[in-house]
file start-v7.pdb (PDB, C-alpha atoms)
ATOM      1  CA  MET A 241     -35.817 -41.384 -21.979
ATOM      2  CA  LEU A 242     -34.771 -44.536 -23.857
ATOM      3  CA  TYR A 243     -35.261 -44.547 -27.632
ATOM      4  CA  PHE A 244     -34.853 -47.434 -30.073
ATOM      5  CA  TYR A 245     -34.566 -46.703 -33.785
ATOM      6  CA  TYR A 246     -34.423 -49.914 -35.796
ATOM      7  CA  GLY A 247     -34.118 -50.620 -39.489
ATOM      8  CA  VAL A 248     -32.823 -53.160 -41.973
ATOM      9  CA  MET A 249     -29.387 -53.167 -43.531
ATOM     10  CA  GLY A 250     -29.023 -50.203 -45.844
ATOM     11  CA  SER A 251     -31.627 -47.972 -44.187
ATOM     12  CA  SER A 252     -28.986 -45.402 -43.072
ATOM     13  CA  LYS A 253     -29.362 -45.960 -39.332
ATOM     14  CA  THR A 254     -25.773 -45.002 -38.544
ATOM     15  CA  ALA A 255     -25.875 -41.976 -40.865
ATOM     16  CA  GLN A 256     -28.965 -40.710 -39.062
ATOM     17  CA  LEU A 257     -27.366 -41.329 -35.659
ATOM     18  CA  LEU A 258     -24.245 -39.375 -36.645
ATOM     19  CA  MET A 259     -26.273 -36.483 -38.078
ATOM     20  CA  GLN A 260     -28.464 -36.266 -34.975
ATOM     21  CA  ARG A 261     -25.375 -36.380 -32.733
ATOM     22  CA  TYR A 262     -23.760 -33.589 -34.782
ATOM     23  CA  ASN A 263     -26.871 -31.428 -34.455
ATOM     24  CA  TYR A 264     -26.864 -31.863 -30.669
ATOM     25  CA  GLN A 265     -23.166 -31.006 -30.481
ATOM     26  CA  GLN A 266     -23.730 -27.842 -32.542
ATOM     27  CA  LEU A 267     -26.160 -26.705 -29.844
ATOM     28  CA  GLY A 268     -23.397 -27.110 -27.252
ATOM     29  CA  LEU A 269     -24.963 -30.194 -25.660
ATOM     30  CA  LYS A 270     -22.773 -32.870 -24.048
ATOM     31  CA  VAL A 271     -23.038 -36.059 -26.070
ATOM     32  CA  ALA A 272     -21.353 -39.467 -25.646
ATOM     33  CA  LEU A 273     -21.061 -41.792 -28.645
ATOM     34  CA  VAL A 274     -21.055 -45.508 -27.775
ATOM     35  CA  LYS A 275     -20.452 -48.657 -29.803
ATOM     36  CA  PRO A 276     -20.145 -52.367 -28.990
ATOM     37  CA  GLU A 277     -16.593 -53.729 -29.316
ATOM     38  CA  VAL A 278     -17.780 -56.589 -31.548
ATOM     39  CA  ASP A 279     -18.289 -54.116 -34.423
ATOM     40  CA  THR A 280     -14.764 -53.926 -35.829
ATOM     41  CA  ARG A 281     -15.581 -53.082 -39.474
ATOM     42  CA  ALA A 282     -13.979 -49.613 -39.364
ATOM     43  CA  GLY A 283     -11.716 -50.109 -36.345
ATOM     44  CA  VAL A 284     -12.252 -50.512 -32.635
ATOM     45  CA  ARG A 285     -13.395 -46.944 -31.844
ATOM     46  CA  MET A 286     -14.782 -45.813 -35.205
ATOM     47  CA  VAL A 287     -18.518 -45.496 -35.869
ATOM     48  CA  TYR A 288     -18.872 -45.567 -39.637
ATOM     49  CA  SER A 289     -21.777 -45.222 -42.043
ATOM     50  CA  ARG A 290     -21.664 -46.693 -45.528
ATOM     51  CA  VAL A 291     -22.505 -43.230 -46.913
ATOM     52  CA  GLY A 292     -19.127 -42.017 -45.610
ATOM     53  CA  LEU A 293     -19.976 -40.312 -42.303
ATOM     54  CA  LYS A 294     -17.818 -41.342 -39.360
ATOM     55  CA  ALA A 295     -16.904 -40.377 -35.803
ATOM     56  CA  GLU A 296     -14.810 -41.780 -32.997
ATOM     57  CA  ALA A 297     -16.742 -43.334 -30.113
ATOM     58  CA  GLU A 298     -16.054 -42.066 -26.619
ATOM     59  CA  ILE A 299     -17.115 -45.421 -25.166
ATOM     60  CA  VAL A 300     -16.605 -48.951 -26.509
ATOM     61  CA  VAL A 301     -18.467 -51.634 -24.554
ATOM     62  CA  GLY A 302     -17.796 -55.339 -24.415
ATOM     63  CA  PRO A 303     -20.380 -57.969 -23.473
ATOM     64  CA  THR A 304     -19.141 -58.121 -19.868
ATOM     65  CA  HIS A 305     -18.946 -54.343 -19.317
ATOM     66  CA  SER A 306     -21.423 -52.523 -17.128
ATOM     67  CA  ILE A 307     -22.840 -49.884 -19.424
ATOM     68  CA  ARG A 308     -24.157 -47.988 -16.388
ATOM     69  CA  GLU A 309     -20.607 -47.203 -15.270
ATOM     70  CA  GLN A 310     -19.229 -46.056 -18.631
ATOM     71  CA  PRO A 311     -20.853 -42.573 -18.978
ATOM     72  CA  LEU A 312     -20.191 -41.880 -15.290
ATOM     73  CA  TRP A 313     -16.515 -42.786 -15.719
ATOM     74  CA  LEU A 314     -16.266 -40.684 -18.881
ATOM     75  CA  ALA A 315     -17.837 -37.683 -17.144
ATOM     76  CA  ALA A 316     -15.367 -38.086 -14.260
ATOM     77  CA  GLN A 317     -12.446 -38.018 -16.731
ATOM     78  CA  ASN A 318     -13.779 -34.754 -18.189
ATOM     79  CA  ALA A 319     -14.259 -32.861 -14.948
ATOM     80  CA  HIS A 320     -16.034 -29.912 -16.565
ATOM     81  CA  SER A 321     -18.738 -31.880 -18.329
ATOM     82  CA  SER A 322     -21.513 -34.249 -17.518
ATOM     83  CA  TYR A 323     -23.204 -36.018 -20.382
ATOM     84  CA  GLN A 324     -26.837 -35.316 -21.148
ATOM     85  CA  TYR A 325     -27.252 -37.494 -24.228
ATOM     86  CA  VAL A 326     -25.945 -40.907 -25.249
ATOM     87  CA  PHE A 327     -26.005 -42.236 -28.815
ATOM     88  CA  ILE A 328     -25.443 -45.968 -29.281
ATOM     89  CA  ASP A 329     -24.716 -47.523 -32.665
ATOM     90  CA  GLU A 330     -25.269 -51.239 -33.403
ATOM     91  CA  ALA A 331     -27.423 -51.535 -30.268
ATOM     92  CA  GLN A 332     -28.522 -55.048 -31.245
ATOM     93  CA  PHE A 333     -25.143 -56.266 -29.942
ATOM     94  CA  LEU A 334     -25.845 -55.096 -26.381
ATOM     95  CA  THR A 335     -26.734 -57.693 -23.775
ATOM     96  CA  ASP A 336     -30.083 -57.898 -22.021
ATOM     97  CA  LEU A 337     -28.457 -56.675 -18.805
ATOM     98  CA  GLN A 338     -26.824 -53.707 -20.565
ATOM     99  CA  VAL A 339     -30.203 -52.621 -21.963
ATOM    100  CA  GLU A 340     -31.729 -52.914 -18.493
ATOM    101  CA  GLU A 341     -28.947 -50.617 -17.236
ATOM    102  CA  LEU A 342     -29.721 -48.172 -20.049
ATOM    103  CA  ALA A 343     -33.373 -48.152 -19.005
ATOM    104  CA  GLU A 344     -32.282 -47.161 -15.488
ATOM    105  CA  LEU A 345     -29.926 -44.474 -16.834
ATOM    106  CA  SER A 346     -32.752 -43.056 -18.941
ATOM    107  CA  ASP A 347     -34.253 -41.549 -15.782
ATOM    108  CA  TYR A 348     -31.731 -38.719 -16.175
ATOM    109  CA  LEU A 349     -30.191 -39.166 -19.649
ATOM    110  CA  ASP A 350     -31.704 -39.260 -23.111
ATOM    111  CA  ILE A 351     -30.364 -42.435 -24.728
ATOM    112  CA  PHE A 352     -30.742 -42.991 -28.473
ATOM    113  CA  CYS A 353     -30.123 -46.580 -29.604
ATOM    114  CA  TYR A 354     -29.863 -47.456 -33.288
ATOM    115  CA  GLY A 355     -29.682 -50.992 -34.601
ATOM    116  CA  LEU A 356     -31.172 -54.015 -36.278
ATOM    117  CA  LYS A 357     -34.304 -55.666 -34.935
ATOM    118  CA  THR A 358     -33.618 -59.165 -36.257
ATOM    119  CA  ASP A 359     -30.705 -61.189 -37.578
ATOM    120  CA  PHE A 360     -30.266 -62.900 -40.963
ATOM    121  CA  ARG A 361     -32.419 -65.828 -39.759
ATOM    122  CA  GLY A 362     -35.315 -63.555 -38.786
ATOM    123  CA  GLN A 363     -34.571 -64.021 -35.048
ATOM    124  CA  PHE A 364     -34.292 -61.226 -32.490
ATOM    125  CA  PHE A 365     -30.881 -60.136 -31.264
ATOM    126  CA  PRO A 366     -30.739 -60.087 -27.435
ATOM    127  CA  GLY A 367     -30.161 -56.322 -27.374
ATOM    128  CA  SER A 368     -33.010 -55.639 -29.787
ATOM    129  CA  ALA A 369     -35.434 -57.871 -27.896
ATOM    130  CA  ALA A 370     -34.600 -56.042 -24.667
ATOM    131  CA  LEU A 371     -34.972 -52.634 -26.330
ATOM    132  CA  LEU A 372     -38.361 -53.632 -27.759
ATOM    133  CA  ARG A 373     -39.396 -54.494 -24.184
ATOM    134  CA  LEU A 374     -37.941 -51.483 -22.389
ATOM    135  CA  ALA A 375     -37.605 -48.496 -24.741
ATOM    136  CA  GLU A 376     -40.152 -45.734 -24.255
ATOM    137  CA  ILE A 377     -39.997 -44.599 -27.886
ATOM    138  CA  ILE A 378     -39.630 -47.197 -30.661
ATOM    139  CA  GLU A 379     -39.481 -46.097 -34.304
ATOM    140  CA  GLU A 380     -38.557 -47.723 -37.567
ATOM    141  CA  VAL A 381     -35.897 -46.052 -39.687
ATOM    142  CA  PRO A 382     -37.510 -46.119 -43.128
ATOM    143  CA  GLY A 383     -35.711 -46.374 -46.411
ATOM    144  CA  GLY A 384     -34.442 -49.910 -46.808
ATOM    145  CA  LEU A 385     -35.456 -51.354 -50.175
ATOM    146  CA  CYS A 386     -35.265 -54.834 -51.644
ATOM    147  CA  TRP A 387     -33.768 -55.200 -55.121
ATOM    148  CA  CYS A 388     -37.339 -55.620 -56.445
ATOM    149  CA  GLY A 389     -38.342 -52.162 -55.169
ATOM    150  CA  LYS A 390     -40.520 -53.376 -52.280
ATOM    151  CA  LYS A 391     -39.855 -52.361 -48.691
ATOM    152  CA  ALA A 392     -37.013 -54.408 -47.209
ATOM    153  CA  THR A 393     -38.045 -55.999 -43.922
ATOM    154  CA  MET A 394     -35.496 -58.792 -43.569
ATOM    155  CA  ASN A 395     -31.753 -58.588 -42.924
ATOM    156  CA  THR A 396     -30.038 -61.070 -45.176
ATOM    157  CA  ARG A 397     -26.564 -62.610 -45.115
ATOM    158  CA  VAL A 398     -25.180 -63.404 -48.554
ATOM    159  CA  ASP A 399     -21.912 -64.997 -49.603
ATOM    160  CA  ALA A 400     -19.479 -63.677 -52.237
ATOM    161  CA  GLN A 401     -21.598 -65.253 -55.010
ATOM    162  CA  GLY A 402     -24.811 -63.626 -53.757
ATOM    163  CA  SER A 403     -26.306 -66.818 -52.327
ATOM    164  CA  VAL A 404     -28.618 -66.264 -49.350
ATOM    165  CA  ILE A 405     -27.327 -67.865 -46.125
ATOM    166  CA  LYS A 406     -29.881 -68.830 -43.467
ATOM    167  CA  GLU A 407     -27.766 -70.878 -41.046
ATOM    168  CA  GLY A 408     -24.710 -70.111 -38.950
ATOM    169  CA  GLN A 409     -23.624 -68.073 -35.970
ATOM    170  CA  GLN A 410     -25.753 -65.042 -35.199
ATOM    171  CA  VAL A 411     -22.904 -62.518 -35.134
ATOM    172  CA  LEU A 412     -20.535 -62.556 -38.083
ATOM    173  CA  ILE A 413     -19.193 -59.122 -38.954
ATOM    174  CA  ASP A 414     -19.530 -58.002 -42.575
ATOM    175  CA  ASP A 415     -16.139 -57.998 -44.273
ATOM    176  CA  ASN A 416     -17.647 -57.349 -47.740
ATOM    177  CA  SER A 417     -15.428 -59.994 -49.385
ATOM    178  CA  VAL A 418     -16.582 -63.336 -47.963
ATOM    179  CA  ILE A 419     -19.977 -62.277 -46.640
ATOM    180  CA  LYS A 420     -22.104 -59.160 -46.666
ATOM    181  CA  TYR A 421     -25.559 -58.138 -45.500
ATOM    182  CA  ILE A 422     -28.421 -56.720 -47.530
ATOM    183  CA  GLY A 423     -32.075 -55.949 -46.949
ATOM    184  CA  LEU A 424     -34.729 -58.025 -48.730
ATOM    185  CA  CYS A 425     -38.514 -58.063 -48.744
ATOM    186  CA  TYR A 426     -40.004 -61.040 -46.910
ATOM    187  CA  GLU A 427     -40.903 -62.878 -50.126
ATOM    188  CA  HIS A 428     -37.374 -62.791 -51.567
ATOM    189  CA  TRP A 429     -35.781 -63.535 -48.188
ATOM    190  CA  ARG A 430     -38.083 -66.570 -47.767
ATOM    191  CA  LYS A 431     -37.347 -67.766 -51.317
ATOM    192  CA  GLY A 432     -33.613 -67.038 -50.964
ATOM    193  CA  ILE A 433     -33.399 -64.721 -53.983
ATOM    194  CA  SER A 434     -30.871 -61.933 -53.441
ATOM    195  CA  HIS A 435     -30.972 -60.266 -56.880
ATOM    196  CA  ALA A 436     -32.932 -60.120 -60.141
TER     197      ALA A 436
END
call {"tool": "encode", "arguments": {"input": "start-v7.pdb", "output": "structure tokens"}}
result
Amino acid sequence: MLYFYYGVMGSSKTAQLLMQRYNYQQLGLKVALVKPEVDTRAGVRMVYSRVGLKAEAEIVVGPTHSIREQPLWLAAQNAHSSYQYVFIDEAQFLTDLQVEELAELSDYLDIFCYGLKTDFRGQFFPGSAALLRLAEIIEEVPGGLCWCGKKATMNTRVDAQGSVIKEGQQVLIDDNSVIKYIGLCYEHWRKGISHA
């Protein structure tokens, strides 16, 4: 089955993914952790949550990689194990074709994708749009709050001075010095107000 758990920046998507993965591993289940190579914030292989949880990914996929082949290759390298579950962080960075491959793999694997639904402009990411089309279970990860206390629904890019940015390339990885991402309610995102 293919699952898509989406939430805004700061809703603890990655923390929840890592906790769920840990719980599965404690039961002795075979789990593969996957991340897109574009996410380099904590290193090429590291899946990292801002609350401090981290784990090394077994599979790192680039935009031209066939995601269908990766778990099969990994299982072949570990002759005594075949993977039953796949956890994918930052799933919004997957391509449409990769998500279609995941949908096919979900006939015999449970695949849990975590990521953003929309970018800082309010537009769908290709991976998220495909997951919204093809995932069998779609759930919001609650918990993201705007600075005003309302539910955060919009991912927002801000510069070092806190100014809201609404133009630019879709993928620009958060380096926390020049730009960062926060969640805002629709009103404050629309008005471009990132703090009180």
call {"tool": "closest_residue", "arguments": {"input": "start-v7.pdb", "among": "A:Gly302, A:Gly423, A:Pro382, A:Gly432", "to": "Val274 of chain A", "atoms": "all atoms listed in the file"}}
result
A:Gly302
call {"tool": "residues_around", "arguments": {"input": "start-v7.pdb", "residues": "His435 of chain A", "least_positions_apart": "2", "cutoff": "10 Å", "atoms": "all atoms listed in the file", "output": "list in words"}}
result
Cys386, Trp387, Cys388, Gly402, Ser403, Val404, Leu424, His428, Gly432 and Ile433 of chain A
call {"tool": "closest_residue", "arguments": {"input": "start-v7.pdb", "among": "A:Ile299, A:Ala255, A:Leu374, A:Cys353", "to": "Leu337 of chain A", "atoms": "all atoms listed in the file"}}
result
A:Leu374
call {"tool": "residues_near_point", "arguments": {"input": "start-v7.pdb", "point": "(-31.9, -51.7, -33.1)", "cutoff": "9 Å", "atoms": "all atoms listed in the file", "output": "PDB file with C-alpha atoms, keeping the file's coordinate frame"}}
result
ATOM      1  CA  PHE A 244     -34.853 -47.434 -30.073  1.00  0.00           C
ATOM      2  CA  TYR A 245     -34.566 -46.703 -33.785  1.00  0.00           C
ATOM      3  CA  TYR A 246     -34.423 -49.914 -35.796  1.00  0.00           C
ATOM      4  CA  GLY A 247     -34.118 -50.620 -39.489  1.00  0.00           C
ATOM      5  CA  LYS A 253     -29.362 -45.960 -39.332  1.00  0.00           C
ATOM      6  CA  ASP A 329     -24.716 -47.523 -32.665  1.00  0.00           C
ATOM      7  CA  GLU A 330     -25.269 -51.239 -33.403  1.00  0.00           C
ATOM      8  CA  ALA A 331     -27.423 -51.535 -30.268  1.00  0.00           C
ATOM      9  CA  GLN A 332     -28.522 -55.048 -31.245  1.00  0.00           C
ATOM     10  CA  PHE A 333     -25.143 -56.266 -29.942  1.00  0.00           C
ATOM     11  CA  CYS A 353     -30.123 -46.580 -29.604  1.00  0.00           C
ATOM     12  CA  TYR A 354     -29.863 -47.456 -33.288  1.00  0.00           C
ATOM     13  CA  GLY A 355     -29.682 -50.992 -34.601  1.00  0.00           C
ATOM     14  CA  LEU A 356     -31.172 -54.015 -36.278  1.00  0.00           C
ATOM     15  CA  LYS A 357     -34.304 -55.666 -34.935  1.00  0.00           C
ATOM     16  CA  THR A 358     -33.618 -59.165 -36.257  1.00  0.00           C
ATOM     17  CA  PHE A 365     -30.881 -60.136 -31.264  1.00  0.00           C
ATOM     18  CA  GLY A 367     -30.161 -56.322 -27.374  1.00  0.00           C
ATOM     19  CA  SER A 368     -33.010 -55.639 -29.787  1.00  0.00           C
ATOM     20  CA  ALA A 369     -35.434 -57.871 -27.896  1.00  0.00           C
ATOM     21  CA  LEU A 371     -34.972 -52.634 -26.330  1.00  0.00           C
ATOM     22  CA  LEU A 372     -38.361 -53.632 -27.759  1.00  0.00           C
ATOM     23  CA  GLU A 380     -38.557 -47.723 -37.567  1.00  0.00           C
TER      24      GLU A 380
END
call {"tool": "residues_around", "arguments": {"input": "start-v7.pdb", "residues": "Val284 of chain A", "least_positions_apart": "6", "cutoff": "10 Å", "atoms": "only C-alpha atoms", "output": "compact mmCIF listing (two decimals) with C-alpha atoms, in the coordinates of the input"}}
result
# COMPACT_ATOMS: atom_id res chain seq x y z
CA LYS A 275 -20.45 -48.66 -29.80
CA PRO A 276 -20.14 -52.37 -28.99
CA GLU A 277 -16.59 -53.73 -29.32
CA VAL A 278 -17.78 -56.59 -31.55
CA GLU A 296 -14.81 -41.78 -33.00
CA ALA A 297 -16.74 -43.33 -30.11
CA VAL A 300 -16.60 -48.95 -26.51
call {"tool": "atom_distance", "arguments": {"input": "start-v7.pdb", "atom1": "atom CA of Glu407 of chain A", "atom2": "atom CA of Tyr426 of chain A"}}
result
16.8 Å
call {"tool": "atom_distance", "arguments": {"input": "start-v7.pdb", "atom1": "atom CA of Asp359 of chain A", "atom2": "atom CA of Val271 of chain A"}}
result
28.7 Å
call {"tool": "closest_residue", "arguments": {"input": "start-v7.pdb", "among": "A:Ile328, A:Ile422, A:Met259, A:Leu267", "to": "Gly384 of chain A", "atoms": "all atoms listed in the file"}}
result
A:Ile422
call {"tool": "residues_around", "arguments": {"input": "start-v7.pdb", "residues": "Tyr325 of chain A", "least_positions_apart": "4", "cutoff": "6 Å", "atoms": "all atoms listed in the file", "output": "VMD selection string"}}
result
chain A and resid 271 349 to 351
call {"tool": "residues_near_point", "arguments": {"input": "start-v7.pdb", "point": "(-25.3, -38.6, -34.6)", "cutoff": "10 Å", "atoms": "all atoms listed in the file", "output": "PyMOL selection string"}}
result
chain A and resi 253-265+271-273+287+293-295+326-329+352
call {"tool": "closest_residue", "arguments": {"input": "start-v7.pdb", "among": "A:Thr396, A:Gln363, A:Gln324, A:Ser252", "to": "Ser346 of chain A", "atoms": "all atoms listed in the file"}}
result
A:Gln324
call {"tool": "resolve_selection", "arguments": {"input": "start-v7.pdb", "expression": "the PyMOL selection byres ((chain A and resi 376) around 7)", "output": "number ranges by chain"}}
result
A: 241-243, 374-375, 377-378
call {"tool": "atom_distance", "arguments": {"input": "start-v7.pdb", "atom1": "atom CA of Leu334 of chain A", "atom2": "atom CA of Arg361 of chain A"}}
result
18.4 Å
call {"tool": "closest_residue", "arguments": {"input": "start-v7.pdb", "among": "A:Val381, A:Ile419, A:Met394, A:Val248", "to": "Lys431 of chain A", "atoms": "only C-alpha atoms"}}
result
A:Met394
call {"tool": "closest_residue", "arguments": {"input": "start-v7.pdb", "among": "A:Glu344, A:Arg281, A:Val291, A:Met286", "to": "Ile307 of chain A", "atoms": "all atoms listed in the file"}}
result
A:Glu344
call {"tool": "decode", "arguments": {"input": "start-v7.pdb", "residues": "segment 311-412 of chain A", "atoms": "C-alpha atoms", "output": "compact mmCIF listing (two decimals), in the first residue's frame"}}
result
# COMPACT_ATOMS: atom_id res chain seq x y z
CA PRO A 311 14.89 -1.85 -3.04
CA LEU A 312 15.41 -4.91 -5.26
CA TRP A 313 19.12 -4.12 -5.58
CA LEU A 314 19.41 -3.50 -1.83
CA ALA A 315 17.69 -6.81 -1.04
CA ALA A 316 20.08 -8.59 -3.43
CA GLN A 317 23.07 -7.09 -1.59
CA ASN A 318 21.69 -8.41 1.71
CA ALA A 319 21.04 -11.98 0.64
CA HIS A 320 19.23 -12.95 3.85
CA SER A 321 16.65 -10.19 3.79
CA SER A 322 13.92 -8.89 1.59
CA TYR A 323 12.38 -5.57 2.47
CA GLN A 324 8.76 -5.39 3.52
CA TYR A 325 8.51 -1.68 4.28
CA VAL A 326 9.95 1.44 2.68
CA PHE A 327 10.05 4.85 4.38
CA ILE A 328 10.74 7.87 2.16
CA ASP A 329 11.63 11.28 3.56
CA GLU A 330 11.21 14.52 1.56
CA ALA A 331 8.97 12.69 -0.92
CA GLN A 332 8.01 15.96 -2.61
CA PHE A 333 11.38 15.81 -4.40
CA LEU A 334 10.53 12.55 -6.20
CA THR A 335 9.64 12.70 -9.87
CA ASP A 336 6.24 11.81 -11.28
CA LEU A 337 7.72 8.64 -12.80
CA GLN A 338 9.32 7.61 -9.49
CA VAL A 339 5.95 7.93 -7.71
CA GLU A 340 4.33 5.84 -10.44
CA GLU A 341 6.99 3.18 -9.79
CA LEU A 342 6.24 3.35 -6.07
CA ALA A 343 2.55 2.79 -6.81
CA GLU A 344 3.50 -0.38 -8.70
CA LEU A 345 5.81 -1.53 -5.88
CA SER A 346 3.01 -1.00 -3.37
CA ASP A 347 1.37 -4.19 -4.64
CA TYR A 348 3.81 -6.09 -2.42
CA LEU A 349 5.48 -3.46 -0.20
CA ASP A 350 4.08 -0.96 2.27
CA ILE A 351 5.57 2.40 1.27
CA PHE A 352 5.33 5.38 3.62
CA CYS A 353 6.10 8.74 1.99
CA TYR A 354 6.50 11.89 4.08
CA GLY A 355 6.84 15.35 2.62
CA LEU A 356 5.50 18.77 1.78
CA LYS A 357 2.37 19.19 -0.33
CA THR A 358 3.21 22.62 -1.76
CA ASP A 359 6.23 24.86 -2.19
CA PHE A 360 6.83 28.40 -0.89
CA ARG A 361 4.73 29.81 -3.76
CA GLY A 362 1.73 27.62 -2.91
CA GLN A 363 2.37 25.37 -5.96
CA PHE A 364 2.48 21.57 -5.91
CA PHE A 365 5.81 19.79 -6.07
CA PRO A 366 5.83 17.13 -8.83
CA GLY A 367 6.29 14.32 -6.30
CA SER A 368 3.50 15.60 -4.07
CA ALA A 369 1.08 16.04 -6.96
CA ALA A 370 1.75 12.46 -8.07
CA LEU A 371 1.33 11.13 -4.53
CA LEU A 372 -1.98 12.99 -4.16
CA ARG A 373 -3.10 11.22 -7.35
CA LEU A 374 -1.80 7.73 -6.60
CA ALA A 375 -1.48 7.15 -2.85
CA GLU A 376 -4.12 4.92 -1.30
CA ILE A 377 -3.88 6.57 2.12
CA ILE A 378 -3.35 10.34 2.37
CA GLU A 379 -3.11 12.02 5.78
CA GLU A 380 -2.03 15.39 7.04
CA VAL A 381 0.64 15.51 9.72
CA PRO A 382 -0.86 17.98 12.19
CA GLY A 383 1.06 20.33 14.41
CA GLY A 384 2.45 23.12 12.27
CA LEU A 385 1.59 26.52 13.74
CA CYS A 386 1.93 30.05 12.43
CA TRP A 387 3.55 32.62 14.71
CA CYS A 388 0.04 33.99 15.40
CA GLY A 389 -1.11 30.65 16.84
CA LYS A 390 -3.34 29.66 13.91
CA LYS A 391 -2.82 26.43 11.98
CA ALA A 392 0.03 26.78 9.49
CA THR A 393 -1.06 25.74 6.01
CA MET A 394 1.56 27.42 3.84
CA ASN A 395 5.27 26.67 3.50
CA THR A 396 7.14 29.94 3.44
CA ARG A 397 10.65 30.86 2.33
CA VAL A 398 12.17 33.73 4.29
CA ASP A 399 15.52 35.46 3.96
CA ALA A 400 18.00 36.19 6.77
CA GLN A 401 16.02 39.33 7.72
CA GLY A 402 12.72 37.43 7.93
CA SER A 403 11.28 38.85 4.71
CA VAL A 404 8.85 36.51 2.92
CA ILE A 405 10.08 35.42 -0.53
CA LYS A 406 7.48 34.42 -3.12
CA GLU A 407 9.57 34.16 -6.29
CA GLY A 408 12.53 32.03 -7.31
CA GLN A 409 13.46 28.46 -8.09
CA GLN A 410 11.21 25.82 -6.57
CA VAL A 411 13.98 23.81 -4.90
CA LEU A 412 16.44 25.75 -2.78
